[in-house]
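Novice: Before I ask anything, here is the structure I am working with.
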Amino acid sequence: MTKRVDQAKQQWTVEQMPDQTGRVFVVTGANSGLGLATTRALAHRGGHVILAVRDEEKGRRAAAGITAERPGARLDVRRLDLADLDSVRAFAERLHADHPRLDVLVNNAGVMAPPRSLSAQGHELQFACNHLGHFALTGLLLGLLTAGRDPRVVTVSSVNHRKAHLRFDDLAGERAYSPMGFYNQSKFANAVFGYELHRRLAGAGSPVRSVLAHPGYTATGLQMKETTGLLRFALGRIGNPLFAQAPARGALPQLYAATDPGVAGGQFIGPDGPAELRGGPALVPLAPAAADRATARRLWELSERMTGVRFAIPAAA
């Protein structure tokens with residue numbers, strides 16, 4: 001059962017977002033879908049947004065469109081391929097070189113239900129891009145975030161995280177692979193990571209808040225890009241026109257999580273409508289399995305080994 005953020009914010013919109021002038025954001029997957037909607041809203045409220053994108057040309061076109069709407073918008077386009085850990089490290093090194101701080105990291109980008117394929121480092125693509133890339137990016141940027149103003153990490157999961165568990169004995173899908181099943185697993189990993197990051201940051205007394213969000217059912221293009229066959233037909237051709245909300249609406253939970261002063265670390269923000277598919281930002285429940293400490297510890301330690309990134313915060317008590 002969802003819980004509205006509070007009575008005064010039942011219909012929270014971007015018009016209620018505080019002024020973001022002077023704040024620096026990184027939004028992954030910022031050239032389309034939820035990432036573009038998030039970037040546009042932040043830029044219109046004065047935020048300096050770094051568009052972390054795999055395709056720089058698409059990123060530049062997205063930035064140009066926003067600048068045409070809001071002349072003077074502060075936007076930087078930088079290449080980031082989350083499925084390649086070398087690219088993640090290069091992005092982080094450059095950001096450290098030219099930014100003294102980062103205020104908000106929005107871990108938004110993702111791939112959805114492609115045929116089985118492997119990342120540059122040999123990991124299953126959805127787990128690599130949706131989880132491992134964001135895990136590594138967050139760890140590498142944590143120092144900049146610690147120096148930020150009201151710093152936050154917003155990790156975008158999915159309502160589908162409640163359908164999944166971690167296949168620790170077959171994370172690469174070598175024995176059995178289901179496109180949607182492994183997508184759900186990656187979103188479960190996002191939820192486990194975001195909540196465990198909250199526990200560790202809070203335990204260390206860090207000023208950085210880790211918040212989770214999900215967009216409900218939103219027509220982002222993911223349903224048509226990598227999916228194939230019946231899944232593409234069901235999700236993209238039928239589901240999107242009948243049930244999905246627009247990206248500008250779907251981005252509200254992650255925008256609320258990134259900017260509202262009242263958001264607390266460890267909260268999960270999603271749509272307040274039936275089955276959390278549509279609606280305005282509300283506190284929604286995290287699957288109990290995603291808060292399990294043993295699962296979180298195992299995923300964290302595995303992610304450190306797979307990425308080579310260790311967070312400069314103590315382990316949770």
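So you can find residues: chains in the structure tokens are A, B, ... in the order shown, residues in each start at 1, and ligands are numbered from 1 in order.
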Name the residues in contact with Asp76 in chain A at a cut-off of 10 Å, using only C-alpha atoms, excluding same-chain residues fewer than 2 positions from it; report them as a PyMOL selection string.

Specialist: chain A and resi 26+48-52+59-60+63+73-74+78

Novice: For the residues in that selection, give me all heavy atoms as a PDB file, in the first residue's frame.

Specialist:
ATOM      1  N   VAL A  26      24.581  14.995 -12.002  1.00  0.00           N
ATOM      2  CA  VAL A  26      24.904  14.039 -13.064  1.00  0.00           C
ATOM      3  C   VAL A  26      23.679  13.169 -13.260  1.00  0.00           C
ATOM      4  O   VAL A  26      23.152  12.598 -12.295  1.00  0.00           O
ATOM      5  CB  VAL A  26      26.120  13.168 -12.710  1.00  0.00           C
ATOM      6  CG1 VAL A  26      26.232  11.981 -13.677  1.00  0.00           C
ATOM      7  CG2 VAL A  26      27.408  13.972 -12.755  1.00  0.00           C
ATOM      8  N   HIS A  48      22.715  22.938 -12.911  1.00  0.00           N
ATOM      9  CA  HIS A  48      23.801  22.636 -13.852  1.00  0.00           C
ATOM     10  C   HIS A  48      23.824  21.125 -14.008  1.00  0.00           C
ATOM     11  O   HIS A  48      24.152  20.397 -13.070  1.00  0.00           O
ATOM     12  CB  HIS A  48      25.129  23.162 -13.308  1.00  0.00           C
ATOM     13  CG  HIS A  48      26.301  22.835 -14.171  1.00  0.00           C
ATOM     14  ND1 HIS A  48      27.585  23.171 -13.817  1.00  0.00           N
ATOM     15  CD2 HIS A  48      26.413  22.209 -15.366  1.00  0.00           C
ATOM     16  CE1 HIS A  48      28.429  22.763 -14.758  1.00  0.00           C
ATOM     17  NE2 HIS A  48      27.730  22.157 -15.700  1.00  0.00           N
ATOM     18  N   VAL A  49      23.460  20.631 -15.196  1.00  0.00           N
ATOM     19  CA  VAL A  49      23.294  19.194 -15.399  1.00  0.00           C
ATOM     20  C   VAL A  49      24.365  18.661 -16.338  1.00  0.00           C
ATOM     21  O   VAL A  49      24.569  19.193 -17.438  1.00  0.00           O
ATOM     22  CB  VAL A  49      21.897  18.857 -15.963  1.00  0.00           C
ATOM     23  CG1 VAL A  49      21.713  17.338 -16.010  1.00  0.00           C
ATOM     24  CG2 VAL A  49      20.799  19.492 -15.118  1.00  0.00           C
ATOM     25  N   ILE A  50      25.029  17.616 -15.897  1.00  0.00           N
ATOM     26  CA  ILE A  50      25.984  16.905 -16.740  1.00  0.00           C
ATOM     27  C   ILE A  50      25.258  15.695 -17.303  1.00  0.00           C
ATOM     28  O   ILE A  50      24.824  14.802 -16.558  1.00  0.00           O
ATOM     29  CB  ILE A  50      27.216  16.483 -15.925  1.00  0.00           C
ATOM     30  CG1 ILE A  50      27.930  17.737 -15.407  1.00  0.00           C
ATOM     31  CG2 ILE A  50      28.162  15.624 -16.769  1.00  0.00           C
ATOM     32  CD1 ILE A  50      28.920  17.467 -14.300  1.00  0.00           C
ATOM     33  N   LEU A  51      25.086  15.695 -18.627  1.00  0.00           N
ATOM     34  CA  LEU A  51      24.385  14.619 -19.315  1.00  0.00           C
ATOM     35  C   LEU A  51      25.386  13.493 -19.557  1.00  0.00           C
ATOM     36  O   LEU A  51      26.296  13.625 -20.393  1.00  0.00           O
ATOM     37  CB  LEU A  51      23.794  15.079 -20.644  1.00  0.00           C
ATOM     38  CG  LEU A  51      22.630  16.081 -20.607  1.00  0.00           C
ATOM     39  CD1 LEU A  51      23.124  17.509 -20.369  1.00  0.00           C
ATOM     40  CD2 LEU A  51      21.856  16.024 -21.932  1.00  0.00           C
ATOM     41  N   ALA A  52      25.248  12.400 -18.823  1.00  0.00           N
ATOM     42  CA  ALA A  52      26.135  11.250 -18.969  1.00  0.00           C
ATOM     43  C   ALA A  52      25.484  10.280 -19.946  1.00  0.00           C
ATOM     44  O   ALA A  52      24.488   9.619 -19.606  1.00  0.00           O
ATOM     45  CB  ALA A  52      26.369  10.586 -17.614  1.00  0.00           C
ATOM     46  N   GLY A  59      23.341  13.068 -27.185  1.00  0.00           N
ATOM     47  CA  GLY A  59      23.373  13.938 -26.012  1.00  0.00           C
ATOM     48  C   GLY A  59      23.413  15.401 -26.386  1.00  0.00           C
ATOM     49  O   GLY A  59      22.736  16.238 -25.770  1.00  0.00           O
ATOM     50  N   ARG A  60      24.217  15.731 -27.401  1.00  0.00           N
ATOM     51  CA  ARG A  60      24.295  17.136 -27.842  1.00  0.00           C
ATOM     52  C   ARG A  60      22.969  17.603 -28.425  1.00  0.00           C
ATOM     53  O   ARG A  60      22.564  18.755 -28.208  1.00  0.00           O
ATOM     54  CB  ARG A  60      25.430  17.297 -28.852  1.00  0.00           C
ATOM     55  CG  ARG A  60      26.821  17.290 -28.214  1.00  0.00           C
ATOM     56  CD  ARG A  60      27.885  17.688 -29.199  1.00  0.00           C
ATOM     57  NE  ARG A  60      28.152  16.631 -30.155  1.00  0.00           N
ATOM     58  CZ  ARG A  60      29.072  15.679 -30.006  1.00  0.00           C
ATOM     59  NH1 ARG A  60      29.811  15.654 -28.902  1.00  0.00           N
ATOM     60  NH2 ARG A  60      29.267  14.759 -30.923  1.00  0.00           N
ATOM     61  N   ALA A  63      20.688  18.269 -25.487  1.00  0.00           N
ATOM     62  CA  ALA A  63      21.064  19.514 -24.813  1.00  0.00           C
ATOM     63  C   ALA A  63      20.647  20.722 -25.628  1.00  0.00           C
ATOM     64  O   ALA A  63      20.181  21.734 -25.069  1.00  0.00           O
ATOM     65  CB  ALA A  63      22.568  19.530 -24.563  1.00  0.00           C
ATOM     66  N   ALA A  73      20.721  27.708 -20.296  1.00  0.00           N
ATOM     67  CA  ALA A  73      20.739  26.498 -19.470  1.00  0.00           C
ATOM     68  C   ALA A  73      22.166  25.962 -19.368  1.00  0.00           C
ATOM     69  O   ALA A  73      22.910  25.933 -20.343  1.00  0.00           O
ATOM     70  CB  ALA A  73      19.825  25.438 -20.074  1.00  0.00           C
ATOM     71  N   ARG A  74      22.550  25.527 -18.184  1.00  0.00           N
ATOM     72  CA  ARG A  74      23.911  25.025 -17.943  1.00  0.00           C
ATOM     73  C   ARG A  74      23.918  23.506 -18.128  1.00  0.00           C
ATOM     74  O   ARG A  74      23.451  22.755 -17.259  1.00  0.00           O
ATOM     75  CB  ARG A  74      24.393  25.398 -16.549  1.00  0.00           C
ATOM     76  CG  ARG A  74      24.482  26.904 -16.327  1.00  0.00           C
ATOM     77  CD  ARG A  74      25.297  27.210 -15.080  1.00  0.00           C
ATOM     78  NE  ARG A  74      26.698  26.794 -15.246  1.00  0.00           N
ATOM     79  CZ  ARG A  74      27.568  26.700 -14.229  1.00  0.00           C
ATOM     80  NH1 ARG A  74      27.180  26.972 -13.003  1.00  0.00           N
ATOM     81  NH2 ARG A  74      28.808  26.317 -14.458  1.00  0.00           N
ATOM     82  N   ARG A  78      28.748  14.470 -21.680  1.00  0.00           N
ATOM     83  CA  ARG A  78      29.951  13.661 -21.507  1.00  0.00           C
ATOM     84  C   ARG A  78      29.629  12.192 -21.759  1.00  0.00           C
ATOM     85  O   ARG A  78      28.564  11.708 -21.390  1.00  0.00           O
ATOM     86  CB  ARG A  78      30.519  13.831 -20.104  1.00  0.00           C
ATOM     87  CG  ARG A  78      30.856  15.278 -19.802  1.00  0.00           C
ATOM     88  CD  ARG A  78      31.707  15.433 -18.596  1.00  0.00           C
ATOM     89  NE  ARG A  78      32.002  16.839 -18.342  1.00  0.00           N
ATOM     90  CZ  ARG A  78      32.831  17.275 -17.420  1.00  0.00           C
ATOM     91  NH1 ARG A  78      33.467  16.400 -16.650  1.00  0.00           N
ATOM     92  NH2 ARG A  78      33.038  18.563 -17.247  1.00  0.00           N
TER      93      ARG A  78
END

Novice: Could you build a table of the residues in range 250-298 of chain A lying no more than 9 Å from range 151-157 of chain A, giving for each the nearest pair of atoms and their separation in Å rounded to one decimal place, using only C-alpha atoms, ordered by chain and ascending residue number, as a Markdown table?

Specialist:
| residue | atom | partner | partner_atom | distance |
| --- | --- | --- | --- | --- |
| A:Gln254 | CA | A:Val154 | CA | 6.8 |
| A:Leu255 | CA | A:Val154 | CA | 9.0 |
| A:Ala257 | CA | A:Val154 | CA | 6.6 |
| A:Ala258 | CA | A:Val154 | CA | 6.3 |
| A:Thr259 | CA | A:Arg152 | CA | 8.8 |
| A:Gly265 | CA | A:Arg152 | CA | 8.4 |

Novice: Take the residues from that selection and put them in a file with C-alpha atoms, as a compact mmCIF listing (two decimals), in the first residue's frame.

Specialist:
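Saved as again09.txt:
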# COMPACT_ATOMS: atom_id res chain seq x y z
CA GLN A 254 13.10 10.67 -9.21
CA LEU A 255 12.89 14.47 -9.45
CA ALA A 257 13.78 12.26 -4.62
CA ALA A 258 16.56 14.44 -6.03
CA THR A 259 15.29 17.86 -4.98
CA GLY A 265 17.72 8.66 3.06

Novice: With only C-alpha atoms as the counted atoms, please give the residues lying no more than 10 Å from His134 in chain A, apart from itself and same-chain residues fewer than 6 positions off, as a count of residues only.

Specialist: 16

Novice: Given only C-alpha atoms as the basis, pick out the residue of A:Asp103, A:Asp55, A:Asp150, A:Glu93 nearest to Ala264 in chain A.

Specialist: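 Ranking A:Asp103, A:Asp55, A:Asp150, A:Glu93 by distance to Ala264 in chain A, first place goes to A:Asp150.
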
Novice: Select from range 4-119 of chain A every residue with an atom at most 8 Å from any atom of range 208-222 of chain A, then for each give the shortest pair of atoms and their distance in Å to one decimal, using only C-alpha atoms, rows by chain and rising number, as a tab-separated table.

Specialist:
residue	atom	partner	partner_atom	distance
A:Ser32	CA	A:Thr220	CA	7.4
A:Gly33	CA	A:Thr220	CA	4.3
A:Leu34	CA	A:Thr220	CA	6.4
A:Val111	CA	A:Leu222	CA	6.7
A:Met112	CA	A:Leu222	CA	5.9

Novice: Could you pull out the strand (DSSP E or B) residues of range 123-312 of chain A, going by DSSP on the backbone, and write them as a VMD selection string?

Specialist: chain A and resid 124 152 to 156 209 to 213 218 245 268 to 271 281 to 283

Novice: Using only C-alpha atoms, determine which residues lie at most 10 Å from Tyr195 in chain A, disregarding the query and same-chain residues fewer than 4 positions distant; provide the list as a PyMOL selection string.

Specialist: chain A and resi 155+189-191+199-201+210-212+265-268+286+290-293+296

Novice: Would you please extract all alpha helix (DSSP H) residues from range 107-236 of chain A, as assigned by DSSP on the backbone, and give them as a PDB file with C-alpha atoms, in the first residue's frame?

Specialist:
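Written out: states-v1.pdb:
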ATOM      1  CA  LEU A 125      24.612  -6.903 -20.050  1.00  0.00           C
ATOM      2  CA  GLN A 126      21.605  -5.891 -17.951  1.00  0.00           C
ATOM      3  CA  GLY A 133      28.039   0.424 -13.809  1.00  0.00           C
ATOM      4  CA  HIS A 134      26.015   2.503 -11.368  1.00  0.00           C
ATOM      5  CA  PHE A 135      27.624   0.799  -8.358  1.00  0.00           C
ATOM      6  CA  ALA A 136      31.084   1.678  -9.698  1.00  0.00           C
ATOM      7  CA  LEU A 137      30.073   5.212 -10.713  1.00  0.00           C
ATOM      8  CA  THR A 138      28.615   5.948  -7.276  1.00  0.00           C
ATOM      9  CA  GLY A 139      31.692   4.665  -5.487  1.00  0.00           C
ATOM     10  CA  LEU A 140      34.052   6.635  -7.716  1.00  0.00           C
ATOM     11  CA  LEU A 141      32.077   9.881  -7.271  1.00  0.00           C
ATOM     12  CA  LEU A 142      31.371   9.540  -3.552  1.00  0.00           C
ATOM     13  CA  GLY A 143      34.158  11.961  -2.603  1.00  0.00           C
ATOM     14  CA  LEU A 144      32.679  14.676  -4.823  1.00  0.00           C
ATOM     15  CA  LEU A 145      29.222  14.006  -3.410  1.00  0.00           C
ATOM     16  CA  THR A 146      30.467  14.269   0.164  1.00  0.00           C
ATOM     17  CA  PRO A 179      15.307 -11.324 -20.981  1.00  0.00           C
ATOM     18  CA  MET A 180      12.619  -9.985 -18.667  1.00  0.00           C
ATOM     19  CA  GLY A 181      13.697 -12.123 -15.724  1.00  0.00           C
ATOM     20  CA  PHE A 182      17.222 -10.746 -15.879  1.00  0.00           C
ATOM     21  CA  TYR A 183      15.865  -7.201 -16.271  1.00  0.00           C
ATOM     22  CA  ASN A 184      13.841  -7.723 -13.080  1.00  0.00           C
ATOM     23  CA  GLN A 185      16.954  -9.099 -11.372  1.00  0.00           C
ATOM     24  CA  SER A 186      18.928  -5.958 -12.304  1.00  0.00           C
ATOM     25  CA  LYS A 187      16.187  -3.750 -10.877  1.00  0.00           C
ATOM     26  CA  PHE A 188      16.168  -5.842  -7.695  1.00  0.00           C
ATOM     27  CA  ALA A 189      19.933  -5.293  -7.505  1.00  0.00           C
ATOM     28  CA  ASN A 190      19.319  -1.539  -7.837  1.00  0.00           C
ATOM     29  CA  ALA A 191      16.917  -1.683  -4.896  1.00  0.00           C
ATOM     30  CA  VAL A 192      19.284  -3.755  -2.749  1.00  0.00           C
ATOM     31  CA  PHE A 193      22.200  -1.454  -3.563  1.00  0.00           C
ATOM     32  CA  GLY A 194      20.311   1.794  -2.960  1.00  0.00           C
ATOM     33  CA  TYR A 195      19.015   0.681   0.419  1.00  0.00           C
ATOM     34  CA  GLU A 196      22.321  -0.826   1.551  1.00  0.00           C
ATOM     35  CA  LEU A 197      24.098   2.367   0.471  1.00  0.00           C
ATOM     36  CA  HIS A 198      21.673   4.280   2.706  1.00  0.00           C
ATOM     37  CA  ARG A 199      22.477   2.005   5.653  1.00  0.00           C
ATOM     38  CA  ARG A 200      26.222   2.423   5.190  1.00  0.00           C
ATOM     39  CA  LEU A 201      26.087   6.190   4.671  1.00  0.00           C
ATOM     40  CA  ALA A 202      23.814   6.696   7.664  1.00  0.00           C
ATOM     41  CA  GLY A 203      25.984   4.444   9.806  1.00  0.00           C
ATOM     42  CA  ALA A 204      29.053   6.488   8.884  1.00  0.00           C
ATOM     43  CA  LEU A 222      13.136   0.950 -23.523  1.00  0.00           C
ATOM     44  CA  GLN A 223      10.195  -1.244 -24.429  1.00  0.00           C
ATOM     45  CA  MET A 224      11.089  -0.905 -28.119  1.00  0.00           C
ATOM     46  CA  LYS A 225      14.889  -0.572 -28.243  1.00  0.00           C
ATOM     47  CA  GLY A 229       9.375 -10.572 -30.680  1.00  0.00           C
ATOM     48  CA  LEU A 230       6.330 -10.985 -28.470  1.00  0.00           C
ATOM     49  CA  LEU A 231       7.855  -8.945 -25.648  1.00  0.00           C
ATOM     50  CA  ARG A 232       8.299  -5.919 -27.905  1.00  0.00           C
TER      51      ARG A 232
END

Novice: Smallest atom-to-atom distance to Pro285 in chain A: which of A:Val159, A:Ala62, A:Ala41, A:Ala97, using only C-alpha atoms?

Specialist: A:Val159

Novice: Provide the CA of Tyr256 in chain A to CA of Asn31 in chain A distance in Å, to one decimal place.

Specialist: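 Computed distance, CA of Tyr256 in chain A to CA of Asn31 in chain A, equals 19.8 Å.
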
Novice: Using only C-alpha atoms, which of A:Asp84, A:Asp98, A:Asp170, A:Asp272 sits nearest His131 in chain A?

Specialist: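 Of A:Asp84, A:Asp98, A:Asp170, A:Asp272, the one nearest His131 in chain A, counting only C-alpha atoms, is A:Asp84.
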
Novice: Find the distance between CA of Glu174 in chain A and CA of Phe127 in chain A and write it in Å to one decimal.

Specialist: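 Going from CA of Glu174 in chain A over to CA of Phe127 in chain A, I get 13.3 Å.
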
Novice: Measuring atom to atom with only C-alpha atoms, identify which of A:His96, A:Ala43, A:Ala246, A:Phe91 is nearest to Leu75 in chain A.

Specialist: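 For Leu75 in chain A, the nearest of the candidates is A:Ala43.
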